[in-house]
Every structure is written in structure tokens, then in C-alpha cells.
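File shown: coords_27.cif (mmCIF, C-alpha atoms and all ligand atoms).
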```cif
data_start
#
loop_
_atom_site.label_atom_id
_atom_site.label_comp_id
_atom_site.auth_asym_id
_atom_site.auth_seq_id
_atom_site.Cartn_x
_atom_site.Cartn_y
_atom_site.Cartn_z
CA MET W 191 -16.78 -39.26 37.39
CA ALA W 192 -17.79 -37.42 34.24
CA SER W 193 -16.00 -34.10 33.86
CA THR W 194 -18.13 -31.03 33.41
CA LYS W 195 -17.10 -28.23 31.15
CA VAL W 196 -17.53 -24.81 32.70
CA MET W 197 -19.07 -22.41 30.20
CA GLN W 198 -17.00 -19.27 29.86
CA SER W 199 -20.00 -17.08 29.08
CA PRO W 200 -23.46 -17.57 27.60
CA ARG W 201 -23.61 -17.76 23.84
CA VAL W 202 -25.39 -14.69 22.57
CA GLU W 203 -27.09 -16.87 19.95
CA SER W 204 -28.75 -18.88 22.75
CA LEU W 205 -29.84 -15.71 24.53
CA ALA W 206 -31.25 -14.24 21.33
CA SER W 207 -33.13 -17.38 20.37
CA SER W 208 -34.75 -17.62 23.82
CA GLY W 209 -37.08 -14.87 22.62
CA LEU W 210 -36.25 -12.33 25.31
CA ALA W 211 -37.81 -8.86 24.84
CA THR W 212 -35.18 -6.95 26.80
CA ILE W 213 -31.47 -7.64 26.88
CA PRO W 214 -29.58 -8.52 30.09
CA ALA W 215 -27.92 -5.56 31.86
CA ASP W 216 -24.41 -6.77 30.96
CA TYR W 217 -25.15 -6.01 27.31
CA VAL W 218 -26.59 -2.50 27.87
CA ARG W 219 -24.08 0.14 26.84
CA PRO W 220 -23.54 3.14 29.10
CA LEU W 221 -25.36 6.36 28.20
CA TRP W 222 -22.31 8.16 26.82
CA GLU W 223 -21.85 5.38 24.28
CA ARG W 224 -25.32 5.59 22.80
CA ASP W 225 -24.48 8.35 20.33
CA HIS W 226 -25.78 7.21 16.94
CA LEU W 227 -26.45 3.82 18.44
CA GLY W 228 -29.53 2.28 16.91
CA ASP W 229 -30.88 -0.37 14.60
CA ALA W 230 -28.27 -0.82 11.88
CA LEU W 231 -30.97 -1.14 9.21
CA GLU W 232 -32.27 2.32 10.16
CA GLU W 233 -28.85 3.89 10.67
CA VAL W 234 -27.67 2.86 7.21
CA LYS W 235 -30.64 4.69 5.66
CA LYS W 236 -29.81 7.85 7.61
CA ALA W 237 -26.22 7.58 6.37
CA GLU W 238 -27.32 8.12 2.75
CA SER W 239 -26.78 11.86 2.91
CA GLY W 240 -23.62 12.11 5.03
CA PRO W 241 -19.91 11.52 4.35
CA HIS W 242 -19.06 8.00 3.30
CA ILE W 243 -16.08 5.70 3.42
CA PRO W 244 -14.00 6.17 0.23
CA ILE W 245 -14.13 3.56 -2.52
CA VAL W 246 -10.79 2.76 -4.16
CA ASP W 247 -10.23 0.66 -7.27
CA LEU W 248 -7.09 -1.50 -7.45
CA LYS W 249 -7.48 -2.31 -11.14
CA ALA W 250 -5.31 0.59 -12.24
CA PHE W 251 -2.41 -0.58 -10.05
CA ASP W 252 -1.67 -3.30 -12.62
CA SER W 253 -1.93 -0.87 -15.52
CA ASP W 254 0.99 -0.17 -17.90
CA GLN W 255 0.03 3.48 -17.79
CA ALA W 256 2.13 5.20 -15.14
CA ASP W 257 -0.45 7.93 -14.55
CA GLU W 258 -3.21 5.38 -13.87
CA LYS W 259 -1.00 3.55 -11.42
CA THR W 260 -0.12 6.80 -9.69
CA LYS W 261 -3.79 7.72 -9.38
CA CYS W 262 -4.50 4.37 -7.70
CA VAL W 263 -1.67 4.95 -5.20
CA ASP W 264 -2.91 8.50 -4.58
CA ASP W 265 -6.47 7.31 -3.92
CA VAL W 266 -5.39 4.61 -1.45
CA GLU W 267 -2.99 7.02 0.24
CA ALA W 268 -5.69 9.68 0.63
CA ALA W 269 -8.20 7.17 2.05
CA ALA W 270 -5.63 5.76 4.50
CA LYS W 271 -4.63 9.25 5.64
CA GLU W 272 -8.06 10.77 5.95
CA TRP W 273 -10.23 7.82 7.01
CA GLY W 274 -8.01 4.82 7.77
CA VAL W 275 -10.61 2.67 6.05
CA MET W 276 -11.75 2.07 2.46
CA HIS W 277 -13.96 -0.11 0.30
CA VAL W 278 -11.65 -1.88 -2.16
CA LEU W 279 -12.93 -2.73 -5.63
CA ASN W 280 -11.13 -5.09 -8.03
CA HIS W 281 -9.15 -6.68 -5.23
CA GLY W 282 -8.60 -9.74 -7.42
CA ILE W 283 -10.54 -12.41 -5.50
CA SER W 284 -13.32 -13.86 -7.62
CA SER W 285 -16.91 -13.39 -6.52
CA GLU W 286 -17.33 -17.18 -6.73
CA LEU W 287 -14.66 -17.71 -4.09
CA ILE W 288 -16.09 -14.92 -1.91
CA GLU W 289 -19.51 -16.59 -2.13
CA ARG W 290 -18.02 -19.92 -1.10
CA VAL W 291 -16.28 -18.31 1.89
CA ARG W 292 -19.60 -16.83 2.94
CA ALA W 293 -21.34 -20.18 2.43
CA VAL W 294 -18.90 -22.26 4.49
CA GLY W 295 -18.79 -19.66 7.29
CA LYS W 296 -22.56 -19.46 7.43
CA GLY W 297 -22.78 -23.26 7.10
CA PHE W 298 -20.72 -23.64 10.25
CA LEU W 299 -22.48 -20.89 12.20
CA ASP W 300 -25.89 -22.27 11.26
CA LEU W 301 -25.07 -25.50 13.15
CA PRO W 302 -26.81 -25.84 16.52
CA VAL W 303 -24.93 -24.21 19.40
CA GLU W 304 -24.22 -27.66 20.93
CA ALA W 305 -22.41 -28.73 17.75
CA LYS W 306 -20.34 -25.55 17.77
CA GLU W 307 -19.46 -26.00 21.46
CA ARG W 308 -17.28 -28.95 20.41
CA TYR W 309 -15.01 -26.28 18.91
CA ALA W 310 -15.12 -23.95 21.93
CA ASN W 311 -11.98 -22.03 22.77
CA ASP W 312 -10.67 -21.93 26.32
CA GLN W 313 -9.00 -18.65 26.98
CA SER W 314 -8.15 -19.52 30.60
CA GLU W 315 -6.01 -22.33 29.15
CA GLY W 316 -4.53 -20.08 26.48
CA LYS W 317 -6.49 -21.84 23.74
CA ILE W 318 -7.64 -18.80 21.81
CA GLN W 319 -8.59 -20.50 18.56
CA GLY W 320 -12.14 -21.76 18.20
CA TYR W 321 -15.72 -20.84 18.97
CA GLY W 322 -16.21 -18.16 21.61
CA SER W 323 -17.97 -15.14 23.04
CA LYS W 324 -16.51 -12.12 24.75
CA LEU W 325 -15.44 -12.56 28.35
CA ALA W 326 -16.45 -9.88 30.83
CA ASN W 327 -12.86 -8.88 31.45
CA ASN W 328 -13.43 -5.21 32.18
CA ALA W 329 -14.56 -3.59 35.44
CA SER W 330 -18.12 -3.00 34.25
CA GLY W 331 -18.57 -6.59 33.04
CA GLN W 332 -19.76 -5.17 29.73
CA LEU W 333 -20.49 -7.75 27.05
CA GLU W 334 -20.91 -7.64 23.28
CA TRP W 335 -23.85 -8.93 21.24
CA GLU W 336 -21.89 -11.51 19.25
CA ASP W 337 -20.32 -14.95 19.18
CA TYR W 338 -17.36 -15.71 16.93
CA PHE W 339 -15.08 -18.31 15.46
CA PHE W 340 -11.39 -17.43 15.50
CA HIS W 341 -8.49 -19.23 13.81
CA LEU W 342 -5.16 -18.72 12.09
CA ILE W 343 -5.55 -19.20 8.33
CA PHE W 344 -2.07 -18.38 6.99
CA PRO W 345 0.77 -19.35 6.58
CA ALA W 346 -0.09 -22.99 5.93
CA ASP W 347 2.78 -24.40 7.99
CA LYS W 348 1.63 -22.56 11.14
CA VAL W 349 -2.04 -23.40 10.75
CA ASP W 350 -3.59 -25.96 13.12
CA LEU W 351 -6.21 -27.69 11.01
CA SER W 352 -7.41 -29.73 13.99
CA VAL W 353 -9.25 -26.67 15.35
CA TRP W 354 -10.97 -25.84 12.04
CA PRO W 355 -14.63 -26.77 11.49
CA LYS W 356 -15.15 -30.22 9.95
CA GLU W 357 -18.59 -29.09 8.83
CA PRO W 358 -19.36 -28.04 6.16
CA ALA W 359 -17.10 -30.60 4.50
CA ASP W 360 -15.52 -28.06 2.13
CA TYR W 361 -14.74 -25.51 4.89
CA THR W 362 -11.01 -26.25 4.95
CA GLU W 363 -10.48 -26.31 1.20
CA VAL W 364 -12.38 -23.05 0.67
CA MET W 365 -10.75 -21.22 3.57
CA GLN W 366 -7.25 -22.32 2.53
CA GLN W 367 -7.82 -21.01 -0.98
CA PHE W 368 -9.23 -17.75 0.35
CA ALA W 369 -6.28 -17.34 2.74
CA LYS W 370 -3.81 -17.78 -0.12
CA GLU W 371 -5.56 -15.27 -2.33
CA LEU W 372 -6.14 -12.75 0.45
CA ARG W 373 -2.44 -12.98 1.31
CA GLY W 374 -1.79 -11.71 -2.23
CA VAL W 375 -4.21 -8.83 -1.72
CA ALA W 376 -2.44 -7.93 1.54
CA SER W 377 0.89 -7.77 -0.34
CA LYS W 378 -0.62 -5.55 -2.98
CA MET W 379 -2.18 -3.21 -0.42
CA LEU W 380 1.10 -2.98 1.50
CA ALA W 381 2.96 -2.22 -1.74
CA ILE W 382 0.52 0.57 -2.61
CA LEU W 383 0.61 1.95 0.92
CA SER W 384 4.45 1.90 0.84
CA LEU W 385 4.50 3.85 -2.41
CA GLY W 386 2.00 6.27 -0.87
CA LEU W 387 4.58 7.03 1.82
CA GLY W 388 7.27 7.58 -0.80
CA LEU W 389 8.96 4.28 0.15
CA GLU W 390 9.95 1.33 -2.02
CA ALA W 391 7.03 -0.98 -2.72
CA GLU W 392 8.44 -3.82 -0.57
CA LYS W 393 9.24 -1.69 2.47
CA LEU W 394 6.13 -2.11 4.65
CA GLU W 395 5.80 -5.82 3.97
CA ASN W 396 9.46 -6.39 4.81
CA GLU W 397 9.02 -4.45 8.05
CA LEU W 398 6.14 -6.77 8.93
CA GLY W 399 8.07 -9.99 8.53
CA GLY W 400 8.14 -10.34 4.73
CA THR W 401 6.25 -12.76 2.55
CA GLU W 402 7.17 -15.81 4.63
CA GLU W 403 6.16 -14.62 8.04
CA LEU W 404 3.08 -12.38 7.95
CA LEU W 405 0.22 -14.07 9.83
CA MET W 406 -3.45 -13.93 8.92
CA GLN W 407 -6.02 -14.53 11.64
CA MET W 408 -9.69 -14.97 10.77
CA LYS W 409 -12.47 -13.93 13.13
CA ILE W 410 -15.93 -14.80 11.86
CA ASN W 411 -18.28 -12.55 13.81
CA TYR W 412 -21.85 -13.75 14.32
CA TYR W 413 -24.27 -11.04 15.43
CA PRO W 414 -27.71 -12.48 16.28
CA LYS W 415 -30.86 -10.39 15.95
CA CYS W 416 -31.16 -8.09 18.94
CA PRO W 417 -34.47 -6.93 20.47
CA GLN W 418 -32.92 -3.64 21.67
CA PRO W 419 -30.32 -2.58 19.11
CA ASP W 420 -30.36 1.00 20.44
CA LEU W 421 -28.85 -0.28 23.71
CA ALA W 422 -26.32 -2.88 22.54
CA LEU W 423 -23.19 -3.16 20.45
CA GLY W 424 -22.06 -6.17 18.43
CA VAL W 425 -18.45 -5.05 18.77
CA GLU W 426 -17.54 -2.16 21.01
CA ALA W 427 -15.53 0.80 19.73
CA HIS W 428 -11.92 -0.17 19.13
CA THR W 429 -9.05 0.13 16.75
CA ASP W 430 -7.40 -3.02 15.39
CA VAL W 431 -3.81 -3.39 16.56
CA SER W 432 -2.77 -5.42 13.50
CA PRO W 433 -1.44 -3.27 10.63
CA LEU W 434 -4.15 -4.19 8.13
CA SER W 435 -7.54 -5.87 8.48
CA PHE W 436 -9.91 -7.04 5.78
CA ILE W 437 -13.67 -7.27 6.29
CA LEU W 438 -16.20 -9.21 4.32
CA HIS W 439 -19.86 -9.42 5.40
CA ASN W 440 -23.18 -11.00 4.49
CA ASP W 441 -24.66 -7.79 3.06
CA VAL W 442 -26.26 -6.80 6.34
CA PRO W 443 -25.11 -3.34 7.53
CA GLY W 444 -23.60 -2.80 10.98
CA LEU W 445 -20.08 -1.43 10.70
CA GLN W 446 -19.60 2.16 11.87
CA VAL W 447 -16.39 4.16 11.70
CA PHE W 448 -15.54 7.32 13.61
CA TYR W 449 -14.83 10.16 11.20
CA ASP W 450 -14.68 13.88 11.70
CA GLY W 451 -16.13 13.69 15.21
CA ARG W 452 -19.10 11.45 14.46
CA TRP W 453 -20.07 7.85 13.77
CA VAL W 454 -20.53 7.06 10.08
CA THR W 455 -22.43 3.89 9.14
CA ALA W 456 -20.74 1.96 6.33
CA LYS W 457 -22.90 1.51 3.25
CA LEU W 458 -23.14 -1.81 1.47
CA VAL W 459 -20.87 -1.53 -1.57
CA PRO W 460 -21.15 -4.65 -3.76
CA ASP W 461 -18.01 -6.58 -4.74
CA THR W 462 -15.73 -4.78 -2.30
CA LEU W 463 -13.57 -5.81 0.60
CA ILE W 464 -13.35 -3.31 3.44
CA VAL W 465 -9.77 -2.60 4.46
CA HIS W 466 -8.89 -1.06 7.83
CA VAL W 467 -5.64 0.58 8.82
CA GLY W 468 -4.70 -0.59 12.33
CA ASP W 469 -2.47 0.76 15.08
CA SER W 470 0.74 -0.92 13.87
CA LEU W 471 0.43 0.65 10.45
CA GLU W 472 -0.30 4.05 11.96
CA ILE W 473 2.90 3.63 13.97
CA LEU W 474 4.94 2.29 11.04
CA SER W 475 3.81 5.21 8.91
CA ASN W 476 4.75 7.64 11.65
CA GLY W 477 1.15 8.73 12.05
CA SER W 478 0.49 9.43 8.36
CA TYR W 479 -2.02 6.63 8.02
CA LYS W 480 -4.84 6.64 10.58
CA SER W 481 -5.84 3.64 12.63
CA VAL W 482 -9.62 3.78 12.30
CA LEU W 483 -11.84 3.68 15.38
CA HIS W 484 -14.80 1.43 14.58
CA ARG W 485 -17.63 -0.55 16.14
CA GLY W 486 -20.44 -2.90 15.10
CA LEU W 487 -24.15 -2.15 15.40
CA VAL W 488 -26.81 -4.85 15.59
CA ASN W 489 -30.40 -4.91 14.37
CA LYS W 490 -33.78 -6.45 15.14
CA GLU W 491 -34.45 -8.30 11.89
CA LYS W 492 -31.38 -9.91 10.41
CA VAL W 493 -28.44 -11.95 11.60
CA ARG W 494 -25.23 -10.24 10.56
CA ILE W 495 -22.06 -12.18 9.84
CA SER W 496 -18.71 -10.59 9.12
CA TRP W 497 -15.38 -12.17 8.29
CA ALA W 498 -12.54 -10.06 9.71
CA VAL W 499 -9.00 -11.06 8.75
CA PHE W 500 -6.17 -9.48 10.73
CA CYS W 501 -2.79 -9.45 8.97
CA GLU W 502 -0.03 -9.19 11.49
CA PRO W 503 3.67 -9.81 11.93
CA PRO W 504 4.74 -12.88 13.94
CA GLU W 505 5.02 -12.20 17.64
CA GLY W 506 7.90 -9.97 18.55
CA GLU W 507 8.54 -8.79 15.01
CA GLY W 508 7.68 -5.59 13.22
CA GLY W 509 4.60 -3.55 13.92
CA ALA W 510 5.77 -1.90 17.12
CA GLN W 511 8.40 0.37 15.65
CA ALA W 512 7.88 3.17 13.22
CA VAL W 513 9.75 3.43 9.99
CA GLY W 514 11.35 6.51 11.54
CA GLY W 515 9.84 7.56 14.89
CA ALA W 516 7.86 5.40 17.29
CA ARG W 517 4.81 5.42 19.50
CA ASP W 518 3.46 2.93 21.97
CA GLY W 519 1.50 0.00 20.57
CA GLY W 520 -2.07 -0.87 21.55
CA VAL W 521 -3.35 -3.11 24.28
CA ALA W 522 -3.52 -6.84 23.64
CA GLY W 523 -7.12 -8.00 23.54
CA GLU W 524 -8.43 -11.42 24.46
CA VAL W 525 -8.61 -12.99 21.02
CA HIS W 526 -7.00 -10.65 18.57
CA ALA W 527 -5.29 -7.56 19.78
CA SER W 528 -7.60 -4.60 19.82
CA HIS W 529 -7.39 -1.21 21.44
CA VAL W 530 -10.73 -0.75 23.17
CA CYS W 531 -12.26 2.67 23.52
CA PRO W 532 -11.69 3.46 27.23
CA ALA W 533 -13.82 6.56 27.78
CA SER W 534 -15.74 8.20 24.99
CA PRO W 535 -15.29 7.99 21.23
CA ALA W 536 -14.23 11.61 20.97
CA GLU W 537 -11.57 11.27 23.66
CA THR W 538 -10.30 8.04 22.20
CA PHE W 539 -10.15 9.50 18.76
CA GLN W 540 -8.08 12.38 20.05
CA GLU W 541 -5.84 9.98 21.91
CA ILE W 542 -5.27 7.91 18.81
CA SER W 543 -4.85 10.69 16.33
CA GLY W 544 -3.19 13.23 18.62
O1 LIG H 601 -18.21 -6.75 11.96
C1 LIG H 601 -17.53 -5.82 11.53
O2 LIG H 601 -17.83 -5.21 10.49
C2 LIG H 601 -16.29 -5.36 12.27
C3 LIG H 601 -15.67 -6.41 13.14
C4 LIG H 601 -14.44 -5.92 13.81
O3 LIG H 601 -14.18 -4.75 13.88
C5 LIG H 601 -13.49 -6.85 14.43
O4 LIG H 601 -13.79 -8.06 14.51
O5 LIG H 601 -12.40 -6.39 14.83
FE FE H 602 -12.06 -4.38 14.36
#
```

Show me this structure written as C-alpha cells.
Ligand SMILES: O=C(O)CCC(=O)C(=O)O
Ligand SMILES: [Fe+2]
Amino acid sequence: MASTKVMQSPRVESLASSGLATIPADYVRPLWERDHLGDALEEVKKAESGPHIPIVDLKAFDSDQADEKTKCVDDVEAAAKEWGVMHVLNHGISSELIERVRAVGKGFLDLPVEAKERYANDQSEGKIQGYGSKLANNASGQLEWEDYFFHLIFPADKVDLSVWPKEPADYTEVMQQFAKELRGVASKMLAILSLGLGLEAEKLENELGGTEELLMQMKINYYPKCPQPDLALGVEAHTDVSPLSFILHNDVPGLQVFYDGRWVTAKLVPDTLIVHVGDSLEILSNGSYKSVLHRGLVNKEKVRISWAVFCEPPEGEGGAQAVGGARDGGVAGEVHASHVCPASPAETFQEISG
């Protein structure tokens, strides 16, 4: 008898392409969560006048001039302390490679859903790598307006290439190169952030497992067009548990960060990578650096794709203990560990920063 595969949840892409005018109840956010919730393309225009995520330039970190280097450290330190998130310019990865990463990710996600199902994850079996959608694992059954592809991309000897997309044909080569180069950026960021705490440059990276061990997990988020973006969220409010995350996107807005008691929509800043401080780095830094609460809006007109890379220590190492003083870690999520906003953004923010 032919075996049938039980679908874990509907693919949001299939829902969206069915042409529905209203979204199913499971995707409708509760009233308290609708603060500044709206079409991302409108929200980003409104954000023009408000506070915005700091832009830091890493170029000066390689300068021979001590004062330039110090200024770079000061800028990153200030952004990590005040916002927990920054746009990073001159990160060192060429725009050609970034374009290729975008092209292979989009190339895979543009395949028909049936082709992508061959790569489906199976969380009930502990197979977390692959193509998936959020499971309704909370009491309200609340779902997110996104599908994703999740896989480990570094270090090479821990990577399972059998779960990586075979299409487009250059996916593996491009992603391996990107992983290697992004690993270098992670080292540089950790060195700068260590110096910002008055520690030796190697300190944070060593605490996180050193150059050999640090893992990098890639989650390619696919947010289909949504007929009611004022009711849905692509990714619900959360902080990343991993110490550092890097975000690349397809130049469609959607990311919002919680700052000074309100949601701030991230602007599109060309040639930058967005870097988030996560819970483990907040803990390691004894609360100096802030784990940023963030979420993803959707919109009616454009598919948004983001590439989120979570840099984290191998299981059981680093991350949970402060470099002097400790606090409890976050809650493990279904695919990558995230600390989901349990009540309201304001309460969660206080809980995280208090
Ligand atoms: O799509 C984004 O910009 C953010 C995604 C995100 O926060 C995540 O995957 O953890
Ligand atoms: Fe996140």
C-alpha cells in the first residue's frame, strides 16, 4: 500500500495563491498585537520621520589609525547597547556574492510547492532541516504568514548536504562560499563587540566555542503577499536566542524592531547586512548589549524574502552563562531557538531588558 505523507500544516504560499480575500482565523493576530501592524510598504513610508536603526561602518576597523578603529568600536557598542540591532556597511562580502545568494534562494523558493515538498522537514521526527511552515504549537493555534527553508550552513564538516536544495544547480556552491565569508564577518563583529565591553578581542568568540565550533544556521523566510496585512504577521514578535543573527533581504520592507516603547519599521539601507543581538549575547555581556525584540510585517503587493543566519555555539556550550553574572536563557523554538513574545510587546520588552 502506498504510504501517505501527512502534511504538518498548509503552506502559506498555497493559501496566498488560492486568491483568498480574507485570511483564515488562525493567522489573525489578537487585538493587542495590532499596534503599528499594517502593510509594510505603507509602514516604511511612515517610518521616514521617526527614529531609525543605527548604521555602522566596519571599514574603519581595519584602519591603521587607532582613533578610526576606536570610533568603529564605539559606534557598534552604542548600537548594540541602545538598539541591539544595526545596519552594517562594509561588512566585506562582495555585492556579487550577495546577489548570487539572493538568486539561488529565490530560485529555490520560486519552484512549485510540490517540488519544494520533496525537501519538507518533519519536526515530529526531529528532522528540523528543510522546507517548512510554523506549527500551531501554542494554545491559540496562532500561525505566521510565511514558509521557510532551514539548514545548517557552517562548519562544513557538520553540514548535511543531502538536505540542501539541488535546484538551482549552483545553490550549494554559492551558499558554501557565503557561509565561509559570513563566518569571517561573525568573527569580526564578535571581536568588535568584545572590545566594546573592554574585553580582549577574542573573548566573546572563545566563549561561544571558538573558531572551530560556532554553528551557523540559515533560515530563508518566504513571506507571500497577504490580502490583510493589517491582521497578520510574517514572524511574530520574538528575540533570537542565538548570540548574533545576520539578516539579508530582497529589498522589500517588513522587519520591525521594538525601540523606546514602540515598533520601528526598518528602512531599506543598500549594501548593508542587518545584525541582531540575541539573548545569549545579552547574557554574555551581562545585560550591556540588548537582545532586540523584532517581528516581520507582510504586505499586499510584493513577496518578501529574508535570509536570517543564526550564529550559535554548539549545543551545551557557551551562550548560557554570562562573562560575569548570569540570567536564564530563552525558550527553545521549533526550528531555531527564539523567545516568543508571550503577552504584549511592552511587557516582553520590560521582561527582557529589566
Ligand atoms: O524577516 C526578517 O527580517 C526577520 C526574520 C526573523 O526575525 C527570524 O527569522 O528570526
Ligand atoms: Fe528573528

Do a neighbour search on Asp441 (chain W) at 9 Å with only C-alpha atoms, toss out local chain neighbours closer than 5 positions, and write the hits as a PyMOL selection string.
chain W and resi 458-460+494-496

Just the selected residues (C-alpha atoms), exported as a compact mmCIF listing (two decimals), in the frame of the given file, please.
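Saved as part_37.txt:
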```
# COMPACT_ATOMS: atom_id res chain seq x y z
CA LEU W 458 -23.14 -1.81 1.47
CA VAL W 459 -20.87 -1.53 -1.57
CA PRO W 460 -21.15 -4.65 -3.76
CA ARG W 494 -25.23 -10.24 10.56
CA ILE W 495 -22.06 -12.18 9.84
CA SER W 496 -18.71 -10.59 9.12
```

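We find CA of Leu405 (chain W) and CA of Gly295 (chain W) to be spaced 20.0 Å apart.
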
What is the distance between CA of Arg308 (chain W) and CA of Leu372 (chain W), in Å to one decimal?
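CA of Leu372 (chain W) lies at a distance of 28.0 Å from CA of Arg308 (chain W).
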
Using only C-alpha atoms and all ligand atoms, the best pick from W:His277, W:Arg292, W:Arg485, W:Lys480 as closest to ligand LIG 601 (chain H) would be W:Arg485

May I have the protein, DNA and RNA residues with any atom at most 10 Å from the point (-16.0, -28.1, 22.3), counting only C-alpha atoms, written as number ranges by chain?
W: 195, 304-312, 320-322, 353

Looking at only C-alpha atoms, which of W:Leu221, W:Ile410, W:Val278, W:Leu231 is the one that sits closest to Gly297 (chain W)?
W:Ile410

Within 8 Å of (-13.0, -6.7, -4.4) in the file's own coordinates, which protein, DNA or RNA residues have an atom, counting all atoms listed in the file? List them as number ranges by chain.
W: 278-284, 461-463

Nearby polymer residues, ligand FE 602 (chain H), at most 9 Å, all atoms listed in the file, as a count of residues only
19

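As for CA of Val291 (chain W) and CA of Phe339 (chain W), they are spaced 13.6 Å apart.
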
Which is closer to ligand LIG 601 (chain H) than all the others in W:Val218, W:Val375, W:Cys501, W:Ile464, using all atoms listed in the file?
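Selected residue with least distance to ligand LIG 601 (chain H): W:Ile464.
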
Find the residues around Lys409 (chain W) up to 7 Å (only C-alpha atoms counted), leave out those fewer than 5 positions away in its own chain, and share them as a PDB file with C-alpha atoms, in the frame of the given file.
```
ATOM      1  CA  TYR W 338     -17.360 -15.710  16.930  1.00  0.00           C
ATOM      2  CA  PHE W 339     -15.080 -18.310  15.460  1.00  0.00           C
ATOM      3  CA  PHE W 340     -11.390 -17.430  15.500  1.00  0.00           C
ATOM      4  CA  HIS W 341      -8.490 -19.230  13.810  1.00  0.00           C
ATOM      5  CA  TRP W 497     -15.380 -12.170   8.290  1.00  0.00           C
ATOM      6  CA  ALA W 498     -12.540 -10.060   9.710  1.00  0.00           C
ATOM      7  CA  VAL W 499      -9.000 -11.060   8.750  1.00  0.00           C
TER       8      VAL W 499
END
```

Would you please work out which residue, of W:Val202, W:Leu385, W:Val465, W:Leu445, is nearest to ligand LIG 601 (chain H) when using all atoms listed in the file?
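Smallest distance to ligand LIG 601 (chain H) is found for W:Leu445.
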
Residue among W:Lys378, W:Ser323, W:Ala211, W:Ile473 lying closest to Val303 (chain W), counting all atoms listed in the file:
W:Ser323

W:Val488, W:Leu394, W:Leu351, W:Ala359 ranked by distance to Leu423 (chain W), top pick (using only C-alpha atoms)
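So, comparing all the options, the nearest one is W:Val488.
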
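Neighbouring residues of Tyr217 (chain W) at 8 Å or closer, counting all atoms listed in the file and skipping chain neighbours under 4 positions away, are Ile213, Gln332, Leu333, Glu334, Trp335, Leu421, Ala422 and Leu423 of chain W.
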
Listed atoms of ligand LIG 601 (chain H), axis-aligned box, 8 Å per side: centre and edge lengths to one decimal in Å, as JSON?
```
{"center_x": -15.3, "center_y": -6.4, "center_z": 12.7, "size_x": 21.8, "size_y": 19.3, "size_z": 20.3}
```

So that I can check the surroundings of Val454 (chain W), please list as a PyMOL selection string every protein, DNA and RNA residue that reaches within 12 Å of it, counting all atoms listed in the file and ignoring chain neighbours fewer than 3 positions away.
chain W and resi 225-227+230+233-244+273+275+443-451+457+482-487

Using all atoms listed in the file, which protein or nucleic acid residues come within 12 Å of Glu363 (chain W)? Drop anything in the same chain fewer than 2 positions from it, and give the result as a PyMOL selection string.
chain W and resi 287+290-291+294+343+346+351+354-361+365-370
